There are 4 protein chains.
Amino acid sequence: MLRPSETMADRDRIVNLSDGVFAIAITLLVLDIRVPDIPENLVSRELPEALLSLWPRYLGYLLSFVGISAFWLIHHSIFRPIRAHDRVLLYLNFLFLMVVAFVPFPTSLLGEYGDHQLPVAIYAATLAVGRLLLTAIHWYSTRNDRLLNEPQDPATVRFFLRRGLTIPAIFLLSIGISFFSVGVAIGTWLIMLAVDALVIRRRFR
Amino acid sequence: MLRPSETMADRDRIVNLSDGVFAIAITLLVLDIRVPDIPENLVSRELPEALLSLWPRYLGYLLSFVGISAFWLIHHSIFRPIRAHDRVLLYLNFLFLMVVAFVPFPTSLLGEYGDHQLPVAIYAATLAVGRLLLTAIHWYSTRNDRLLNEPQDPATVRFFLRRGLTIPAIFLLSIGISFFSVGVAIGTWLIMLAVDALVIRRRFR
Amino acid sequence: MLRPSETMADRDRIVNLSDGVFAIAITLLVLDIRVPDIPENLVSRELPEALLSLWPRYLGYLLSFVGISAFWLIHHSIFRPIRAHDRVLLYLNFLFLMVVAFVPFPTSLLGEYGDHQLPVAIYAATLAVGRLLLTAIHWYSTRNDRLLNEPQDPATVRFFLRRGLTIPAIFLLSIGISFFSVGVAIGTWLIMLAVDALVIRRRFR
Amino acid sequence: MLRPSETMADRDRIVNLSDGVFAIAITLLVLDIRVPDIPENLVSRELPEALLSLWPRYLGYLLSFVGISAFWLIHHSIFRPIRAHDRVLLYLNFLFLMVVAFVPFPTSLLGEYGDHQLPVAIYAATLAVGRLLLTAIHWYSTRNDRLLNEPQDPATVRFFLRRGLTIPAIFLLSIGISFFSVGVAIGTWLIMLAVDALVIRRRFR
């Protein structure tokens, strides 16, 4: 049997590894914004426009930074009451980290071909899968009392599980929308973000 | 309600994530200094000059390393008395980290086109925004006593808030200067660094 | 002599450095999946196929993510009872980290030339050496009681040492197989993963 | 005044940031070993030779991994007794980290043009400066008793300061040697490593 202090150290090591992956994934995003290559004598004339034309890259940076930060915030509140772990929790967490570390690729795809349907669908699918895995981690940890340091309020747990299924559902819906309009699909994500922030606010008032 | 030890662990996780972003951002800067490509038979003759001609890159490395280190030092002293956190603090910190992780791009731009006005202005604007966000974090945390472990000396707080507004103001001023002379604008940053170090020194003597 | 708290801090710093290398190695893997370059007017037609043709890269990402995660899990259980360290342990750990940080290169090689014998052999050899170094760390730490906080169950130690030699042996065997069939060699790894999971499960029932 | 626990947390945050830079610097080294580009029909014939011809890159990886690991080991033993910090210690540590984060560039240079004098000299100079900064941190911390948690044995301190000056001196000497023979200069580093390991061993027997 492990002593409590060892269990805590275990849990901390998982959280530290996860935070390392989060930190690197959000910092690698910037590598996708590349300095345009302009001949010296044309720089003053062409640089402003060249930098403006990178806007899908800036948007991708912003979007994925917000997305990964939101993942971190949820991971943070899911792991707060967790005091022990087992193989299943570790496997689920690694699957989730695999998605987090993958995010720079769909971001890059969106930055390059953001006006096409496929990249928008891949991006939405990646974030939906990541969110579902977080929901799975949450569901699993609250089903196993011995993983938690104290019982959680069932109403709060249910609220967060519902939220953790609604958000991926909307991402999947936006894939359907992307067949008709890429712009509306991306707009859905922004509306979802705003509504989610409002709901959370009301919940905690 | 959270127990004190949990609040501390929370605060530590935010600091750890931030330190991860700081560490990666300063280490990625070196990727921007690329080894020149020279045919084998010309290496001895052309390598010295080719390496010297990379000086704007070395300068960019140095400048951004100092800039991000300074951000870390300030982040470090702002977070030292912080013992709890709320959503606003988290959001402000993520916005700040988004700027820190972005710094390699304006650095790269400055290393490539450092003798032009626009890259100098973008660089100054990035550091000004980063510094303003740090000031906002500081301002917010000192306005909320329950985030701190003990009340701060009001005179010291005021001194640091004033400093936290003066430095971005000088960065913004240097953007104006950059329209007349790029060299003088960059010089402004160095003078500001030196004066700031002197003022801090006198304050703590 | 060191006091216990100092020894623990020492051990934590080694674990933290290792976790940093783990986190970065798994997050760098994604840089190897590059967005295909397609002229604007052909994107809708050619992008789906171009993305599908990247499948060896996705497979490499998956494989190395699983491989490095497995290394982390084993490193985690080896270091759990370790409470002190000496030069030999540090050197072995650095050698092991050198292999972990190297994994992105054979992964990239496999993603580019995965249907050829040499890349498959290099990949298997890299993972075999990494696993052997973990076994060496385990063997060394259990031979030195003063490194551990409590004596380990000899049967369990023997079970894990046997496992820690069998897995590299199978990797080396797969190199021999790769001369006849590259597909069968890669299949060996997957069978090994499945069998290992089963054996571990039975052991802990 | 800071309470002891706060001072420790401060010191830990500096060590964590440093370990982040160490971990990233050693993991980025692998990005310098690039998969050779060979047409599909020539892979079986040309890949073995192409991989062998990358040997200066493997050597660079090995050399810098050992170099940065050695820096970490020394940093580790210097910071072990440190319990507080001041501005000077922070500045020295940032200067040192700037050199650590820079190491991938001279490594890349050595991997590309390792048979020429200038890259060998730049590599030796980088490691010499890094080692001197570590010696400066050591010297500064032992001169300020209030930074340490207990007085250090003066003979041991003197031994390590002497070592911390001898090694950079040999690196600088190897720059002189590199004008006559690049191979002998690189050999000097390896002999130095071996002799240093022997001296350390005898000291602690």
# chains A, B, ... in the order shown; residues from 1 in each chain; ligands from 1

$ interface_residues --of "chain D" --to "chain B" --cutoff "6 Å" --atoms "only C-alpha atoms" --output "PyMOL selection string"
chain D and resi 17+20-21+101-102+109

$ residues_around --residues "range 168-179 of chain D" --least-positions-apart "5" --cutoff "8 Å" --atoms "only C-alpha atoms" --output "list in words"
Gln117, Val120, Ala121, Ala124, Ala125, Leu127, Ala128, Val129, Arg131, Leu132, Val184, Ala185, Ile186, Thr188, Trp189 and Met192 of chain D

$ closest_residue --among "B:Ile78, B:Val182, B:Leu92, B:Ile167" --to "Val195 in chain B" --atoms "only C-alpha atoms"
B:Ile167

$ residues_around --residues "Arg163 in chain B" --least-positions-apart "2" --cutoff "12 Å" --atoms "only C-alpha atoms" --output "list in words"
Ile74, Arg131, Leu132, Leu134, Thr135, His138, Trp139, Thr156, Val157, Arg158, Phe159, Phe160, Leu161, Leu165, Thr166, Ile167, Pro168, Ala169, Ile170, Met192, Leu193, Val195, Asp196, Ala197, Val199, Ile200 and Arg203 of chain B

$ residues_around --residues "Gly114 in chain D" --least-positions-apart "3" --cutoff "10 Å" --atoms "only C-alpha atoms" --output "ChimeraX atom specification"
/D:56-57,59-60,107-111,117-120,123,182-183,186

$ decode --residues "range 144-168 of chain A" --atoms "N, CA and C atoms" --output "PDB file, in the first residue's frame"
ATOM      1  N   ASN A 144     -15.092   6.739  -9.180  1.00  0.00           N
ATOM      2  CA  ASN A 144     -14.194   5.966  -8.325  1.00  0.00           C
ATOM      3  C   ASN A 144     -13.822   6.792  -7.094  1.00  0.00           C
ATOM      4  N   ASP A 145     -14.641   6.646  -6.056  1.00  0.00           N
ATOM      5  CA  ASP A 145     -14.442   7.477  -4.880  1.00  0.00           C
ATOM      6  C   ASP A 145     -13.018   7.418  -4.329  1.00  0.00           C
ATOM      7  N   ARG A 146     -12.370   6.246  -4.482  1.00  0.00           N
ATOM      8  CA  ARG A 146     -11.037   6.141  -3.880  1.00  0.00           C
ATOM      9  C   ARG A 146      -9.998   6.995  -4.611  1.00  0.00           C
ATOM     10  N   LEU A 147     -10.337   7.532  -5.791  1.00  0.00           N
ATOM     11  CA  LEU A 147      -9.413   8.429  -6.483  1.00  0.00           C
ATOM     12  C   LEU A 147      -9.517   9.865  -5.970  1.00  0.00           C
ATOM     13  N   LEU A 148     -10.631  10.165  -5.304  1.00  0.00           N
ATOM     14  CA  LEU A 148     -10.877  11.536  -4.858  1.00  0.00           C
ATOM     15  C   LEU A 148     -10.593  11.692  -3.379  1.00  0.00           C
ATOM     16  N   ASN A 149     -10.256  12.923  -2.958  1.00  0.00           N
ATOM     17  CA  ASN A 149      -9.982  13.125  -1.530  1.00  0.00           C
ATOM     18  C   ASN A 149     -11.250  13.377  -0.722  1.00  0.00           C
ATOM     19  N   GLU A 150     -12.348  13.732  -1.417  1.00  0.00           N
ATOM     20  CA  GLU A 150     -13.619  13.896  -0.711  1.00  0.00           C
ATOM     21  C   GLU A 150     -14.751  13.780  -1.730  1.00  0.00           C
ATOM     22  N   PRO A 151     -15.949  13.345  -1.289  1.00  0.00           N
ATOM     23  CA  PRO A 151     -17.042  13.181  -2.250  1.00  0.00           C
ATOM     24  C   PRO A 151     -17.407  14.530  -2.874  1.00  0.00           C
ATOM     25  N   GLN A 152     -17.753  14.500  -4.155  1.00  0.00           N
ATOM     26  CA  GLN A 152     -18.114  15.727  -4.863  1.00  0.00           C
ATOM     27  C   GLN A 152     -19.627  15.917  -4.813  1.00  0.00           C
ATOM     28  N   ASP A 153     -20.040  17.163  -4.918  1.00  0.00           N
ATOM     29  CA  ASP A 153     -21.470  17.474  -4.971  1.00  0.00           C
ATOM     30  C   ASP A 153     -22.063  16.914  -6.270  1.00  0.00           C
ATOM     31  N   PRO A 154     -23.047  15.962  -6.175  1.00  0.00           N
ATOM     32  CA  PRO A 154     -23.563  15.292  -7.379  1.00  0.00           C
ATOM     33  C   PRO A 154     -24.151  16.259  -8.406  1.00  0.00           C
ATOM     34  N   ALA A 155     -24.825  17.330  -7.927  1.00  0.00           N
ATOM     35  CA  ALA A 155     -25.428  18.273  -8.878  1.00  0.00           C
ATOM     36  C   ALA A 155     -24.345  18.959  -9.708  1.00  0.00           C
ATOM     37  N   THR A 156     -23.239  19.368  -9.057  1.00  0.00           N
ATOM     38  CA  THR A 156     -22.147  20.022  -9.770  1.00  0.00           C
ATOM     39  C   THR A 156     -21.518  19.053 -10.770  1.00  0.00           C
ATOM     40  N   VAL A 157     -21.303  17.801 -10.311  1.00  0.00           N
ATOM     41  CA  VAL A 157     -20.721  16.806 -11.200  1.00  0.00           C
ATOM     42  C   VAL A 157     -21.593  16.643 -12.442  1.00  0.00           C
ATOM     43  N   ARG A 158     -22.920  16.523 -12.230  1.00  0.00           N
ATOM     44  CA  ARG A 158     -23.826  16.335 -13.364  1.00  0.00           C
ATOM     45  C   ARG A 158     -23.792  17.535 -14.306  1.00  0.00           C
ATOM     46  N   PHE A 159     -23.761  18.747 -13.707  1.00  0.00           N
ATOM     47  CA  PHE A 159     -23.684  19.965 -14.529  1.00  0.00           C
ATOM     48  C   PHE A 159     -22.459  19.925 -15.439  1.00  0.00           C
ATOM     49  N   PHE A 160     -21.301  19.541 -14.866  1.00  0.00           N
ATOM     50  CA  PHE A 160     -20.072  19.559 -15.655  1.00  0.00           C
ATOM     51  C   PHE A 160     -20.020  18.430 -16.689  1.00  0.00           C
ATOM     52  N   LEU A 161     -20.620  17.285 -16.361  1.00  0.00           N
ATOM     53  CA  LEU A 161     -20.661  16.205 -17.356  1.00  0.00           C
ATOM     54  C   LEU A 161     -21.561  16.621 -18.528  1.00  0.00           C
ATOM     55  N   ARG A 162     -22.703  17.241 -18.228  1.00  0.00           N
ATOM     56  CA  ARG A 162     -23.595  17.707 -19.286  1.00  0.00           C
ATOM     57  C   ARG A 162     -22.859  18.700 -20.188  1.00  0.00           C
ATOM     58  N   ARG A 163     -22.173  19.641 -19.548  1.00  0.00           N
ATOM     59  CA  ARG A 163     -21.389  20.617 -20.309  1.00  0.00           C
ATOM     60  C   ARG A 163     -20.313  19.900 -21.145  1.00  0.00           C
ATOM     61  N   GLY A 164     -19.682  18.883 -20.538  1.00  0.00           N
ATOM     62  CA  GLY A 164     -18.595  18.159 -21.214  1.00  0.00           C
ATOM     63  C   GLY A 164     -19.082  17.302 -22.364  1.00  0.00           C
ATOM     64  N   LEU A 165     -20.407  17.144 -22.512  1.00  0.00           N
ATOM     65  CA  LEU A 165     -20.944  16.427 -23.683  1.00  0.00           C
ATOM     66  C   LEU A 165     -21.546  17.407 -24.681  1.00  0.00           C
ATOM     67  N   THR A 166     -22.054  18.521 -24.186  1.00  0.00           N
ATOM     68  CA  THR A 166     -22.672  19.511 -25.077  1.00  0.00           C
ATOM     69  C   THR A 166     -21.627  20.148 -25.990  1.00  0.00           C
ATOM     70  N   ILE A 167     -20.501  20.516 -25.405  1.00  0.00           N
ATOM     71  CA  ILE A 167     -19.493  21.233 -26.196  1.00  0.00           C
ATOM     72  C   ILE A 167     -18.963  20.367 -27.351  1.00  0.00           C
ATOM     73  N   PRO A 168     -18.556  19.107 -27.120  1.00  0.00           N
ATOM     74  CA  PRO A 168     -18.153  18.283 -28.283  1.00  0.00           C
ATOM     75  C   PRO A 168     -19.292  18.114 -29.285  1.00  0.00           C
TER      76      PRO A 168
END
